[in-house]
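This is input-v7.pdb (PDB, C-alpha atoms, pLDDT in the B column).
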```
MODEL        1
ATOM      1  CA  MET A  24      -0.774 -15.883   6.202  1.00 93.00           C
ATOM      2  CA  ILE A  25      -2.357 -13.032   8.050  1.00 96.00           C
ATOM      3  CA  ALA A  26      -5.492 -11.663   6.340  1.00 98.00           C
ATOM      4  CA  ARG A  27      -7.696  -9.137   8.084  1.00 97.00           C
ATOM      5  CA  HIS A  28     -10.011  -6.250   7.330  1.00 98.00           C
ATOM      6  CA  ILE A  29      -9.037  -2.729   8.387  1.00 97.00           C
ATOM      7  CA  LEU A  30     -12.081  -2.561  10.696  1.00 97.00           C
ATOM      8  CA  ASP A  31     -10.702  -5.548  12.625  1.00 97.00           C
ATOM      9  CA  VAL A  32      -7.459  -3.670  13.338  1.00 97.00           C
ATOM     10  CA  LYS A  33      -7.087  -1.480  16.438  1.00 96.00           C
ATOM     11  CA  GLU A  34      -7.313   2.246  15.752  1.00 97.00           C
ATOM     12  CA  SER A  35      -5.105   4.951  17.340  1.00 96.00           C
ATOM     13  CA  THR A  36      -6.315   8.544  17.413  1.00 95.00           C
ATOM     14  CA  ASP A  37      -3.753  10.148  19.726  1.00 90.00           C
ATOM     15  CA  LEU A  38      -1.127  11.139  17.168  1.00 91.00           C
ATOM     16  CA  GLU A  39       0.990  14.039  18.357  1.00 91.00           C
ATOM     17  CA  ASP A  40       0.706  17.332  16.420  1.00 94.00           C
ATOM     18  CA  ALA A  41      -2.006  15.860  14.173  1.00 96.00           C
ATOM     19  CA  GLN A  42      -5.672  16.780  13.844  1.00 96.00           C
ATOM     20  CA  GLY A  43      -8.488  14.426  12.862  1.00 97.00           C
ATOM     21  CA  VAL A  44      -6.149  11.527  12.096  1.00 98.00           C
ATOM     22  CA  SER A  45      -6.734   7.881  12.918  1.00 98.00           C
ATOM     23  CA  LYS A  46      -4.074   5.221  12.323  1.00 97.00           C
ATOM     24  CA  ARG A  47      -4.184   1.438  12.002  1.00 98.00           C
ATOM     25  CA  VAL A  48      -1.056  -0.710  11.668  1.00 97.00           C
ATOM     26  CA  LEU A  49      -2.288  -3.310   9.171  1.00 98.00           C
ATOM     27  CA  ILE A  50       1.021  -5.193   8.899  1.00 97.00           C
ATOM     28  CA  GLY A  51       3.765  -4.338  11.388  1.00 96.00           C
ATOM     29  CA  LYS A  52       6.266  -5.770  13.815  1.00 94.00           C
ATOM     30  CA  ASN A  53       3.597  -7.796  15.621  1.00 94.00           C
ATOM     31  CA  GLU A  54       2.645  -9.483  12.345  1.00 94.00           C
ATOM     32  CA  GLY A  55       6.256 -10.548  11.783  1.00 94.00           C
ATOM     33  CA  ALA A  56       6.930  -8.211   8.871  1.00 96.00           C
ATOM     34  CA  PRO A  57      10.713  -8.315   8.364  1.00 96.00           C
ATOM     35  CA  THR A  58      11.425  -5.402   5.998  1.00 97.00           C
ATOM     36  CA  PHE A  59       8.614  -2.819   5.944  1.00 98.00           C
ATOM     37  CA  TYR A  60       5.250  -2.027   7.513  1.00 98.00           C
ATOM     38  CA  MET A  61       1.847  -1.089   6.050  1.00 98.00           C
ATOM     39  CA  ARG A  62      -0.334   1.407   7.901  1.00 98.00           C
ATOM     40  CA  HIS A  63      -3.811   2.760   7.098  1.00 98.00           C
ATOM     41  CA  PHE A  64      -4.740   6.362   7.916  1.00 98.00           C
ATOM     42  CA  HIS A  65      -8.050   8.203   7.890  1.00 98.00           C
ATOM     43  CA  ILE A  66      -7.969  12.013   7.983  1.00 98.00           C
ATOM     44  CA  SER A  67     -11.207  13.928   8.659  1.00 98.00           C
ATOM     45  CA  PRO A  68     -12.126  16.995   6.581  1.00 98.00           C
ATOM     46  CA  HIS A  69      -9.625  19.804   7.269  1.00 97.00           C
ATOM     47  CA  GLY A  70      -7.518  17.445   9.373  1.00 98.00           C
ATOM     48  CA  PHE A  71      -3.768  17.082   8.943  1.00 98.00           C
ATOM     49  CA  SER A  72      -0.810  14.869   9.777  1.00 97.00           C
ATOM     50  CA  PRO A  73       2.111  16.352  11.719  1.00 96.00           C
ATOM     51  CA  LEU A  74       4.593  18.491   9.799  1.00 97.00           C
ATOM     52  CA  HIS A  75       7.718  16.494  10.587  1.00 95.00           C
ATOM     53  CA  SER A  76      10.869  14.890   9.209  1.00 96.00           C
ATOM     54  CA  HIS A  77      12.675  11.616   9.935  1.00 94.00           C
ATOM     55  CA  PRO A  78      15.486   9.483   8.472  1.00 95.00           C
ATOM     56  CA  TRP A  79      13.169   7.007   6.706  1.00 96.00           C
ATOM     57  CA  GLU A  80      11.088   7.252   3.563  1.00 97.00           C
ATOM     58  CA  HIS A  81       7.301   6.994   3.138  1.00 97.00           C
ATOM     59  CA  GLU A  82       5.398   5.357   0.302  1.00 98.00           C
ATOM     60  CA  VAL A  83       1.805   6.604   0.237  1.00 98.00           C
ATOM     61  CA  TYR A  84      -1.257   5.585  -1.796  1.00 98.00           C
ATOM     62  CA  ILE A  85      -4.533   7.534  -1.742  1.00 98.00           C
ATOM     63  CA  ILE A  86      -7.468   5.112  -1.505  1.00 98.00           C
ATOM     64  CA  SER A  87     -10.187   7.784  -1.483  1.00 97.00           C
ATOM     65  CA  GLY A  88     -10.790  11.468  -0.856  1.00 97.00           C
ATOM     66  CA  LYS A  89      -9.003  14.668  -1.778  1.00 96.00           C
ATOM     67  CA  GLY A  90      -6.377  16.870  -0.186  1.00 97.00           C
ATOM     68  CA  SER A  91      -2.801  17.998  -0.561  1.00 98.00           C
ATOM     69  CA  ILE A  92       0.698  17.062   0.483  1.00 98.00           C
ATOM     70  CA  LEU A  93       3.680  19.251   1.273  1.00 98.00           C
ATOM     71  CA  VAL A  94       7.145  17.679   0.895  1.00 98.00           C
ATOM     72  CA  GLY A  95      10.050  20.068   1.405  1.00 97.00           C
ATOM     73  CA  ASP A  96       8.985  23.150  -0.558  1.00 96.00           C
ATOM     74  CA  GLU A  97       6.882  21.181  -3.075  1.00 97.00           C
ATOM     75  CA  GLU A  98       3.107  20.759  -2.870  1.00 98.00           C
ATOM     76  CA  ALA A  99       0.985  18.202  -4.756  1.00 98.00           C
ATOM     77  CA  GLU A 100      -2.708  17.484  -5.063  1.00 97.00           C
ATOM     78  CA  LEU A 101      -3.934  14.211  -3.577  1.00 98.00           C
ATOM     79  CA  LYS A 102      -6.849  12.208  -4.928  1.00 98.00           C
ATOM     80  CA  GLU A 103      -7.848   8.574  -5.355  1.00 98.00           C
ATOM     81  CA  GLY A 104      -5.153   6.612  -7.204  1.00 98.00           C
ATOM     82  CA  VAL A 105      -2.212   8.926  -6.506  1.00 98.00           C
ATOM     83  CA  ALA A 106       1.010   7.359  -5.176  1.00 98.00           C
ATOM     84  CA  VAL A 107       3.645   9.504  -3.430  1.00 98.00           C
ATOM     85  CA  PHE A 108       7.279   8.795  -2.601  1.00 98.00           C
ATOM     86  CA  ILE A 109       8.532  10.947   0.286  1.00 98.00           C
ATOM     87  CA  PRO A 110      12.347  10.750   0.517  1.00 97.00           C
ATOM     88  CA  PRO A 111      14.113  10.352   3.889  1.00 96.00           C
ATOM     89  CA  ASN A 112      14.927  13.487   5.910  1.00 96.00           C
ATOM     90  CA  THR A 113      12.385  15.689   4.143  1.00 97.00           C
ATOM     91  CA  PRO A 114       9.720  17.642   6.077  1.00 98.00           C
ATOM     92  CA  HIS A 115       6.235  16.557   5.010  1.00 98.00           C
ATOM     93  CA  GLN A 116       2.578  17.023   5.883  1.00 98.00           C
ATOM     94  CA  ILE A 117      -0.703  15.703   4.457  1.00 98.00           C
ATOM     95  CA  LYS A 118      -3.839  17.853   4.674  1.00 98.00           C
ATOM     96  CA  ALA A 119      -7.429  16.867   3.961  1.00 98.00           C
ATOM     97  CA  GLY A 120      -9.653  19.365   2.174  1.00 94.00           C
ATOM     98  CA  GLU A 121     -13.460  19.433   2.239  1.00 95.00           C
ATOM     99  CA  ASP A 122     -13.494  15.622   2.032  1.00 94.00           C
ATOM    100  CA  ASP A 123     -11.873  13.125   4.312  1.00 95.00           C
ATOM    101  CA  ILE A 124      -8.909  11.128   3.022  1.00 98.00           C
ATOM    102  CA  GLU A 125      -8.211   7.420   3.317  1.00 98.00           C
ATOM    103  CA  LEU A 126      -4.637   6.354   2.538  1.00 98.00           C
ATOM    104  CA  LEU A 127      -1.977   3.725   2.999  1.00 98.00           C
ATOM    105  CA  CYS A 128       1.456   4.792   4.235  1.00 98.00           C
ATOM    106  CA  CYS A 129       4.262   2.221   4.195  1.00 98.00           C
ATOM    107  CA  ILE A 130       7.561   2.628   6.061  1.00 98.00           C
ATOM    108  CA  PRO A 131      10.734   0.572   6.571  1.00 97.00           C
ATOM    109  CA  ALA A 132      10.700  -1.758   9.602  1.00 96.00           C
ATOM    110  CA  ILE A 133      11.514   0.528  12.522  1.00 88.00           C
ATOM    111  CA  GLU A 134      10.580   0.268  16.177  1.00 72.00           C
ATOM    112  CA  GLU A 135       7.502   2.519  16.104  1.00 67.00           C
ATOM    113  CA  ALA A 136       5.013   0.095  14.556  1.00 54.00           C
TER     114      ALA A 136
ATOM    115  CA  MET B   9       8.828  14.081  -3.932  1.00 94.00           C
ATOM    116  CA  ILE B  10       7.370  11.900  -6.634  1.00 96.00           C
ATOM    117  CA  ALA B  11       3.553  12.100  -6.875  1.00 98.00           C
ATOM    118  CA  ARG B  12       1.716  10.475  -9.756  1.00 97.00           C
ATOM    119  CA  HIS B  13      -1.591   8.876 -10.600  1.00 98.00           C
ATOM    120  CA  ILE B  14      -1.722   5.156 -11.415  1.00 97.00           C
ATOM    121  CA  LEU B  15      -2.982   5.962 -14.926  1.00 97.00           C
ATOM    122  CA  ASP B  16       0.226   7.910 -15.564  1.00 97.00           C
ATOM    123  CA  VAL B  17       2.336   4.822 -14.775  1.00 97.00           C
ATOM    124  CA  LYS B  18       3.278   2.338 -17.495  1.00 96.00           C
ATOM    125  CA  GLU B  19       1.295  -0.889 -17.432  1.00 97.00           C
ATOM    126  CA  SER B  20       2.698  -4.415 -18.000  1.00 96.00           C
ATOM    127  CA  THR B  21       0.388  -7.211 -19.080  1.00 95.00           C
ATOM    128  CA  ASP B  22       2.853  -9.949 -19.980  1.00 90.00           C
ATOM    129  CA  LEU B  23       3.218 -11.601 -16.583  1.00 91.00           C
ATOM    130  CA  GLU B  24       4.282 -15.219 -16.888  1.00 91.00           C
ATOM    131  CA  ASP B  25       1.804 -17.892 -15.720  1.00 94.00           C
ATOM    132  CA  ALA B  26      -0.811 -15.214 -14.969  1.00 96.00           C
ATOM    133  CA  GLN B  27      -4.174 -14.569 -16.608  1.00 96.00           C
ATOM    134  CA  GLY B  28      -5.907 -11.191 -16.901  1.00 97.00           C
ATOM    135  CA  VAL B  29      -3.333  -9.396 -14.755  1.00 98.00           C
ATOM    136  CA  SER B  30      -1.924  -5.927 -15.344  1.00 98.00           C
ATOM    137  CA  LYS B  31       0.894  -4.502 -13.209  1.00 97.00           C
ATOM    138  CA  ARG B  32       2.150  -0.990 -12.566  1.00 98.00           C
ATOM    139  CA  VAL B  33       5.261  -0.234 -10.477  1.00 97.00           C
ATOM    140  CA  LEU B  34       4.110   2.900  -8.654  1.00 98.00           C
ATOM    141  CA  ILE B  35       7.273   3.315  -6.575  1.00 97.00           C
ATOM    142  CA  GLY B  36      10.289   1.172  -7.438  1.00 96.00           C
ATOM    143  CA  LYS B  37      13.998   1.210  -8.121  1.00 94.00           C
ATOM    144  CA  ASN B  38      13.640   3.915 -10.780  1.00 93.00           C
ATOM    145  CA  GLU B  39      11.951   6.196  -8.250  1.00 94.00           C
ATOM    146  CA  GLY B  40      14.889   5.792  -5.837  1.00 94.00           C
ATOM    147  CA  ALA B  41      13.008   3.715  -3.274  1.00 96.00           C
ATOM    148  CA  PRO B  42      15.723   2.361  -0.936  1.00 96.00           C
ATOM    149  CA  THR B  43      13.938  -0.313   1.118  1.00 97.00           C
ATOM    150  CA  PHE B  44      10.728  -1.529  -0.512  1.00 98.00           C
ATOM    151  CA  TYR B  45       8.583  -1.087  -3.614  1.00 98.00           C
ATOM    152  CA  MET B  46       4.864  -0.421  -4.151  1.00 98.00           C
ATOM    153  CA  ARG B  47       3.104  -2.030  -7.114  1.00 98.00           C
ATOM    154  CA  HIS B  48      -0.518  -1.779  -8.319  1.00 98.00           C
ATOM    155  CA  PHE B  49      -2.259  -4.787  -9.881  1.00 98.00           C
ATOM    156  CA  HIS B  50      -5.551  -5.152 -11.702  1.00 98.00           C
ATOM    157  CA  ILE B  51      -6.958  -8.657 -12.175  1.00 98.00           C
ATOM    158  CA  SER B  52      -9.882  -9.179 -14.573  1.00 98.00           C
ATOM    159  CA  PRO B  53     -12.862 -11.372 -13.599  1.00 98.00           C
ATOM    160  CA  HIS B  54     -11.697 -15.008 -13.259  1.00 97.00           C
ATOM    161  CA  GLY B  55      -8.084 -13.928 -13.764  1.00 98.00           C
ATOM    162  CA  PHE B  56      -5.253 -15.048 -11.482  1.00 98.00           C
ATOM    163  CA  SER B  57      -1.696 -14.299 -10.476  1.00 97.00           C
ATOM    164  CA  PRO B  58       0.938 -17.041 -10.872  1.00 96.00           C
ATOM    165  CA  LEU B  59       1.058 -19.763  -8.216  1.00 97.00           C
ATOM    166  CA  HIS B  60       4.647 -19.283  -7.126  1.00 95.00           C
ATOM    167  CA  SER B  61       7.013 -18.904  -4.198  1.00 95.00           C
ATOM    168  CA  HIS B  62      10.076 -16.726  -3.550  1.00 94.00           C
ATOM    169  CA  PRO B  63      12.369 -15.753  -0.665  1.00 95.00           C
ATOM    170  CA  TRP B  64      10.689 -12.368  -0.012  1.00 95.00           C
ATOM    171  CA  GLU B  65       7.417 -11.409   1.633  1.00 97.00           C
ATOM    172  CA  HIS B  66       4.398  -9.619   0.154  1.00 97.00           C
ATOM    173  CA  GLU B  67       2.181  -7.063   1.839  1.00 98.00           C
ATOM    174  CA  VAL B  68      -1.116  -6.753  -0.042  1.00 98.00           C
ATOM    175  CA  TYR B  69      -4.081  -4.375   0.300  1.00 98.00           C
ATOM    176  CA  ILE B  70      -7.356  -4.848  -1.593  1.00 98.00           C
ATOM    177  CA  ILE B  71      -8.537  -1.504  -2.989  1.00 98.00           C
ATOM    178  CA  SER B  72     -11.689  -2.857  -4.656  1.00 97.00           C
ATOM    179  CA  GLY B  73     -13.313  -6.043  -5.913  1.00 97.00           C
ATOM    180  CA  LYS B  74     -13.648  -9.560  -4.593  1.00 96.00           C
ATOM    181  CA  GLY B  75     -11.721 -12.796  -4.904  1.00 97.00           C
ATOM    182  CA  SER B  76      -9.608 -15.212  -2.931  1.00 98.00           C
ATOM    183  CA  ILE B  77      -6.017 -15.873  -1.984  1.00 98.00           C
ATOM    184  CA  LEU B  78      -4.200 -19.131  -1.433  1.00 98.00           C
ATOM    185  CA  VAL B  79      -1.088 -19.051   0.795  1.00 98.00           C
ATOM    186  CA  GLY B  80       0.453 -22.430   1.544  1.00 97.00           C
ATOM    187  CA  ASP B  81      -2.569 -24.596   2.378  1.00 96.00           C
ATOM    188  CA  GLU B  82      -4.654 -21.685   3.700  1.00 97.00           C
ATOM    189  CA  GLU B  83      -7.302 -19.815   1.695  1.00 98.00           C
ATOM    190  CA  ALA B  84      -8.846 -16.435   2.552  1.00 98.00           C
ATOM    191  CA  GLU B  85     -11.572 -14.267   1.053  1.00 97.00           C
ATOM    192  CA  LEU B  86     -10.473 -10.971  -0.478  1.00 98.00           C
ATOM    193  CA  LYS B  87     -12.591  -7.835  -0.531  1.00 98.00           C
ATOM    194  CA  GLU B  88     -12.110  -4.070  -0.252  1.00 98.00           C
ATOM    195  CA  GLY B  89     -10.194  -3.143   2.902  1.00 98.00           C
ATOM    196  CA  VAL B  90      -8.493  -6.513   3.493  1.00 98.00           C
ATOM    197  CA  ALA B  91      -4.724  -6.525   4.138  1.00 98.00           C
ATOM    198  CA  VAL B  92      -2.682  -9.721   3.697  1.00 98.00           C
ATOM    199  CA  PHE B  93       0.807 -10.621   4.877  1.00 98.00           C
ATOM    200  CA  ILE B  94       2.353 -13.395   2.769  1.00 98.00           C
ATOM    201  CA  PRO B  95       5.485 -14.758   4.487  1.00 97.00           C
ATOM    202  CA  PRO B  96       8.677 -15.483   2.505  1.00 96.00           C
ATOM    203  CA  ASN B  97       9.072 -18.889   0.825  1.00 96.00           C
ATOM    204  CA  THR B  98       5.348 -19.689   0.844  1.00 97.00           C
ATOM    205  CA  PRO B  99       3.487 -20.618  -2.371  1.00 98.00           C
ATOM    206  CA  HIS B 100       0.705 -18.117  -3.060  1.00 98.00           C
ATOM    207  CA  GLN B 101      -1.863 -17.178  -5.678  1.00 98.00           C
ATOM    208  CA  ILE B 102      -4.586 -14.517  -5.947  1.00 98.00           C
ATOM    209  CA  LYS B 103      -7.744 -15.248  -7.926  1.00 98.00           C
ATOM    210  CA  ALA B 104     -10.482 -12.837  -8.998  1.00 98.00           C
ATOM    211  CA  GLY B 105     -14.072 -14.033  -8.830  1.00 94.00           C
ATOM    212  CA  GLU B 106     -17.014 -12.578 -10.791  1.00 95.00           C
ATOM    213  CA  ASP B 107     -15.620  -9.070 -10.200  1.00 94.00           C
ATOM    214  CA  ASP B 108     -12.237  -7.705 -11.090  1.00 95.00           C
ATOM    215  CA  ILE B 109      -9.793  -6.920  -8.276  1.00 98.00           C
ATOM    216  CA  GLU B 110      -7.634  -3.855  -7.775  1.00 98.00           C
ATOM    217  CA  LEU B 111      -4.851  -4.222  -5.209  1.00 98.00           C
ATOM    218  CA  LEU B 112      -1.526  -2.933  -3.984  1.00 98.00           C
ATOM    219  CA  CYS B 113       1.313  -5.401  -3.446  1.00 98.00           C
ATOM    220  CA  CYS B 114       4.476  -4.182  -1.737  1.00 98.00           C
ATOM    221  CA  ILE B 115       7.791  -6.073  -1.734  1.00 98.00           C
ATOM    222  CA  PRO B 116      11.307  -5.518  -0.382  1.00 97.00           C
ATOM    223  CA  ALA B 117      13.714  -3.732  -2.746  1.00 96.00           C
ATOM    224  CA  ILE B 118      14.888  -6.457  -5.104  1.00 88.00           C
ATOM    225  CA  GLU B 119      16.105  -6.276  -8.669  1.00 72.00           C
ATOM    226  CA  GLU B 120      12.834  -7.104 -10.417  1.00 67.00           C
ATOM    227  CA  ALA B 121      11.080  -3.735 -10.050  1.00 54.00           C
TER     228      ALA B 121
ENDMDL
END
```

Written as structure tokens, that's how I'd like the structure from this file.
Amino acid sequence: MIARHILDVKESTDLEDAQGVSKRVLIGKNEGAPTFYMRHFHISPHGFSPLHSHPWEHEVYIISGKGSILVGDEEAELKEGVAVFIPPNTPHQIKAGEDDIELLCCIPAIEEA
Amino acid sequence: MIARHILDVKESTDLEDAQGVSKRVLIGKNEGAPTFYMRHFHISPHGFSPLHSHPWEHEVYIISGKGSILVGDEEAELKEGVAVFIPPNTPHQIKAGEDDIELLCCIPAIEEA
């Protein structure tokens, strides 16, 4: 078993084309995860993730805060308790509003994490 | 995109060998998830998940509450912000303490969800 608190996990803040985003890989390749990875993101007020697209899906859960998400040409409100499935190959971006946002974003096991 | 609040997702409370547990499949087979599924669990005070083992891993994140987890012969404290990797084929059980626990538990895409 690996059990650890988010604050004991190294934080990255140098995400390309993002603003006010910090990322922690809670369970990834280094933890021996065979199928998928769990990452934690914090987005500061008015911050945003990159608007990008890739061949793998995302599964997102909003832990706290408020904001919005754009997926293709659809937009949805984000708040605590909302889960989002982002299909593969679909442009997407998460934006924080007046509040910061704390979320989990899970991805299939790929080389990046 | 599929975006929905946990309270808009059907709840199951008939989990075998569990006590005080409710389960919601936030993103599963029905949502078209190709690789892994995201489920939300609520465990009432002094409730517990089944002590069981299976050939797939779990990735767990504690949203709120306090309790403990047993994985093999190891035990760890659970509280808000703790992530747990449960390897395949390892007996495991989550127990709530005085508080209830709210958590996410992700699994590879299998037939059950």

Could you fit chain B onto chain A with a least-squares superposition over all C-alpha atoms, matched one to one in order, and give me the transformed chain as an mmCIF file with C-alpha atoms, keeping the file's coordinate frame?
```cif
data_model
loop_
_atom_site.group_PDB
_atom_site.id
_atom_site.type_symbol
_atom_site.label_atom_id
_atom_site.label_comp_id
_atom_site.auth_asym_id
_atom_site.auth_seq_id
_atom_site.Cartn_x
_atom_site.Cartn_y
_atom_site.Cartn_z
ATOM 1 C CA MET B 9 -0.758 -15.896 6.201
ATOM 2 C CA ILE B 10 -2.356 -13.027 8.045
ATOM 3 C CA ALA B 11 -5.498 -11.661 6.332
ATOM 4 C CA ARG B 12 -7.699 -9.128 8.080
ATOM 5 C CA HIS B 13 -10.030 -6.260 7.341
ATOM 6 C CA ILE B 14 -9.054 -2.730 8.392
ATOM 7 C CA LEU B 15 -12.092 -2.569 10.697
ATOM 8 C CA ASP B 16 -10.712 -5.549 12.623
ATOM 9 C CA VAL B 17 -7.463 -3.666 13.338
ATOM 10 C CA LYS B 18 -7.099 -1.476 16.424
ATOM 11 C CA GLU B 19 -7.311 2.245 15.745
ATOM 12 C CA SER B 20 -5.107 4.960 17.325
ATOM 13 C CA THR B 21 -6.310 8.546 17.418
ATOM 14 C CA ASP B 22 -3.767 10.158 19.723
ATOM 15 C CA LEU B 23 -1.139 11.136 17.166
ATOM 16 C CA GLU B 24 0.972 14.040 18.362
ATOM 17 C CA ASP B 25 0.707 17.330 16.423
ATOM 18 C CA ALA B 26 -2.003 15.849 14.178
ATOM 19 C CA GLN B 27 -5.667 16.785 13.845
ATOM 20 C CA GLY B 28 -8.494 14.433 12.858
ATOM 21 C CA VAL B 29 -6.158 11.533 12.091
ATOM 22 C CA SER B 30 -6.747 7.880 12.910
ATOM 23 C CA LYS B 31 -4.081 5.221 12.315
ATOM 24 C CA ARG B 32 -4.193 1.452 11.994
ATOM 25 C CA VAL B 33 -1.058 -0.710 11.658
ATOM 26 C CA LEU B 34 -2.287 -3.309 9.168
ATOM 27 C CA ILE B 35 1.019 -5.179 8.905
ATOM 28 C CA GLY B 36 3.769 -4.333 11.386
ATOM 29 C CA LYS B 37 6.273 -5.769 13.813
ATOM 30 C CA ASN B 38 3.598 -7.791 15.621
ATOM 31 C CA GLU B 39 2.644 -9.478 12.350
ATOM 32 C CA GLY B 40 6.269 -10.551 11.779
ATOM 33 C CA ALA B 41 6.921 -8.197 8.870
ATOM 34 C CA PRO B 42 10.715 -8.308 8.360
ATOM 35 C CA THR B 43 11.426 -5.393 6.003
ATOM 36 C CA PHE B 44 8.626 -2.824 5.946
ATOM 37 C CA TYR B 45 5.254 -2.025 7.500
ATOM 38 C CA MET B 46 1.855 -1.090 6.039
ATOM 39 C CA ARG B 47 -0.333 1.408 7.893
ATOM 40 C CA HIS B 48 -3.824 2.757 7.101
ATOM 41 C CA PHE B 49 -4.744 6.364 7.916
ATOM 42 C CA HIS B 50 -8.042 8.211 7.887
ATOM 43 C CA ILE B 51 -7.965 12.016 7.986
ATOM 44 C CA SER B 52 -11.203 13.924 8.654
ATOM 45 C CA PRO B 53 -12.142 16.999 6.580
ATOM 46 C CA HIS B 54 -9.626 19.807 7.272
ATOM 47 C CA GLY B 55 -7.522 17.441 9.382
ATOM 48 C CA PHE B 56 -3.760 17.077 8.951
ATOM 49 C CA SER B 57 -0.816 14.866 9.770
ATOM 50 C CA PRO B 58 2.110 16.357 11.726
ATOM 51 C CA LEU B 59 4.607 18.490 9.805
ATOM 52 C CA HIS B 60 7.724 16.501 10.597
ATOM 53 C CA SER B 61 10.852 14.886 9.212
ATOM 54 C CA HIS B 62 12.668 11.610 9.933
ATOM 55 C CA PRO B 63 15.482 9.488 8.482
ATOM 56 C CA TRP B 64 13.163 7.003 6.707
ATOM 57 C CA GLU B 65 11.076 7.249 3.558
ATOM 58 C CA HIS B 66 7.300 6.987 3.130
ATOM 59 C CA GLU B 67 5.411 5.355 0.292
ATOM 60 C CA VAL B 68 1.811 6.597 0.237
ATOM 61 C CA TYR B 69 -1.252 5.575 -1.796
ATOM 62 C CA ILE B 70 -4.529 7.522 -1.743
ATOM 63 C CA ILE B 71 -7.466 5.104 -1.502
ATOM 64 C CA SER B 72 -10.185 7.778 -1.483
ATOM 65 C CA GLY B 73 -10.792 11.466 -0.853
ATOM 66 C CA LYS B 74 -8.993 14.654 -1.763
ATOM 67 C CA GLY B 75 -6.373 16.867 -0.176
ATOM 68 C CA SER B 76 -2.801 18.004 -0.553
ATOM 69 C CA ILE B 77 0.701 17.069 0.491
ATOM 70 C CA LEU B 78 3.674 19.250 1.284
ATOM 71 C CA VAL B 79 7.148 17.688 0.905
ATOM 72 C CA GLY B 80 10.054 20.066 1.403
ATOM 73 C CA ASP B 81 9.002 23.148 -0.575
ATOM 74 C CA GLU B 82 6.892 21.181 -3.074
ATOM 75 C CA GLU B 83 3.110 20.758 -2.874
ATOM 76 C CA ALA B 84 0.999 18.200 -4.756
ATOM 77 C CA GLU B 85 -2.711 17.480 -5.063
ATOM 78 C CA LEU B 86 -3.938 14.213 -3.568
ATOM 79 C CA LYS B 87 -6.847 12.207 -4.925
ATOM 80 C CA GLU B 88 -7.838 8.557 -5.347
ATOM 81 C CA GLY B 89 -5.162 6.597 -7.212
ATOM 82 C CA VAL B 90 -2.215 8.921 -6.498
ATOM 83 C CA ALA B 91 1.016 7.358 -5.178
ATOM 84 C CA VAL B 92 3.644 9.504 -3.427
ATOM 85 C CA PHE B 93 7.279 8.801 -2.607
ATOM 86 C CA ILE B 94 8.528 10.947 0.285
ATOM 87 C CA PRO B 95 12.339 10.748 0.516
ATOM 88 C CA PRO B 96 14.104 10.358 3.889
ATOM 89 C CA ASN B 97 14.930 13.490 5.911
ATOM 90 C CA THR B 98 12.388 15.699 4.133
ATOM 91 C CA PRO B 99 9.725 17.646 6.078
ATOM 92 C CA HIS B 100 6.242 16.555 5.009
ATOM 93 C CA GLN B 101 2.587 17.016 5.880
ATOM 94 C CA ILE B 102 -0.706 15.708 4.461
ATOM 95 C CA LYS B 103 -3.833 17.853 4.675
ATOM 96 C CA ALA B 104 -7.437 16.869 3.967
ATOM 97 C CA GLY B 105 -9.644 19.369 2.172
ATOM 98 C CA GLU B 106 -13.466 19.436 2.234
ATOM 99 C CA ASP B 107 -13.496 15.621 2.027
ATOM 100 C CA ASP B 108 -11.874 13.130 4.322
ATOM 101 C CA ILE B 109 -8.904 11.127 3.028
ATOM 102 C CA GLU B 110 -8.212 7.421 3.328
ATOM 103 C CA LEU B 111 -4.645 6.359 2.544
ATOM 104 C CA LEU B 112 -1.987 3.724 2.999
ATOM 105 C CA CYS B 113 1.452 4.779 4.223
ATOM 106 C CA CYS B 114 4.254 2.218 4.189
ATOM 107 C CA ILE B 115 7.565 2.619 6.045
ATOM 108 C CA PRO B 116 10.726 0.562 6.568
ATOM 109 C CA ALA B 117 10.695 -1.758 9.599
ATOM 110 C CA ILE B 118 11.513 0.519 12.516
ATOM 111 C CA GLU B 119 10.607 0.269 16.168
ATOM 112 C CA GLU B 120 7.547 2.521 16.139
ATOM 113 C CA ALA B 121 5.035 0.112 14.575
#
```

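Taking only C-alpha atoms into account, the polymer residues that have an atom no farther than 9 Å from (5.6, -1.8, -0.6) are A:Phe59, A:Tyr60, A:Met61, A:Glu82, A:Cys129, A:Ile130, B:Ile35, B:Gly36, B:Thr43, B:Phe44, B:Tyr45, B:Met46, B:Arg47, B:His66, B:Glu67, B:Val68, B:Leu112, B:Cys113, B:Cys114, B:Ile115, B:Pro116, B:Ala117.
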
As an exercise, work out the distance from atom CA of Gly104 of chain A to atom CA of Gly73 of chain B in Å and give it to one decimal place. 15.1 Å

Can you check which residues of chain A have any atom within 7 Å of chain B? Use all atoms listed in the file and format it as a list in words. Met24, Ile25, Ala26, Arg27, His28, Ile29, Leu49, Ile50, Thr58, Phe59, Ile86, Val94, Ala99, Gly104, Val105, Ala106, Val107, Phe108, Ile109, Pro110 and Pro131 of chain A

Next, dump the selected residues to file, keeping only C-alpha atoms, as a short mmCIF file (atom, residue, chain, number, x, y, z; two decimals), keeping the file's coordinate frame.
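What landed in result10.cif:
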```cif
data_model
loop_
_atom_site.label_atom_id
_atom_site.label_comp_id
_atom_site.auth_asym_id
_atom_site.auth_seq_id
_atom_site.Cartn_x
_atom_site.Cartn_y
_atom_site.Cartn_z
CA MET A 24 -0.77 -15.88 6.20
CA ILE A 25 -2.36 -13.03 8.05
CA ALA A 26 -5.49 -11.66 6.34
CA ARG A 27 -7.70 -9.14 8.08
CA HIS A 28 -10.01 -6.25 7.33
CA ILE A 29 -9.04 -2.73 8.39
CA LEU A 49 -2.29 -3.31 9.17
CA ILE A 50 1.02 -5.19 8.90
CA THR A 58 11.42 -5.40 6.00
CA PHE A 59 8.61 -2.82 5.94
CA ILE A 86 -7.47 5.11 -1.50
CA VAL A 94 7.14 17.68 0.90
CA ALA A 99 0.98 18.20 -4.76
CA GLY A 104 -5.15 6.61 -7.20
CA VAL A 105 -2.21 8.93 -6.51
CA ALA A 106 1.01 7.36 -5.18
CA VAL A 107 3.64 9.50 -3.43
CA PHE A 108 7.28 8.80 -2.60
CA ILE A 109 8.53 10.95 0.29
CA PRO A 110 12.35 10.75 0.52
CA PRO A 131 10.73 0.57 6.57
#
```
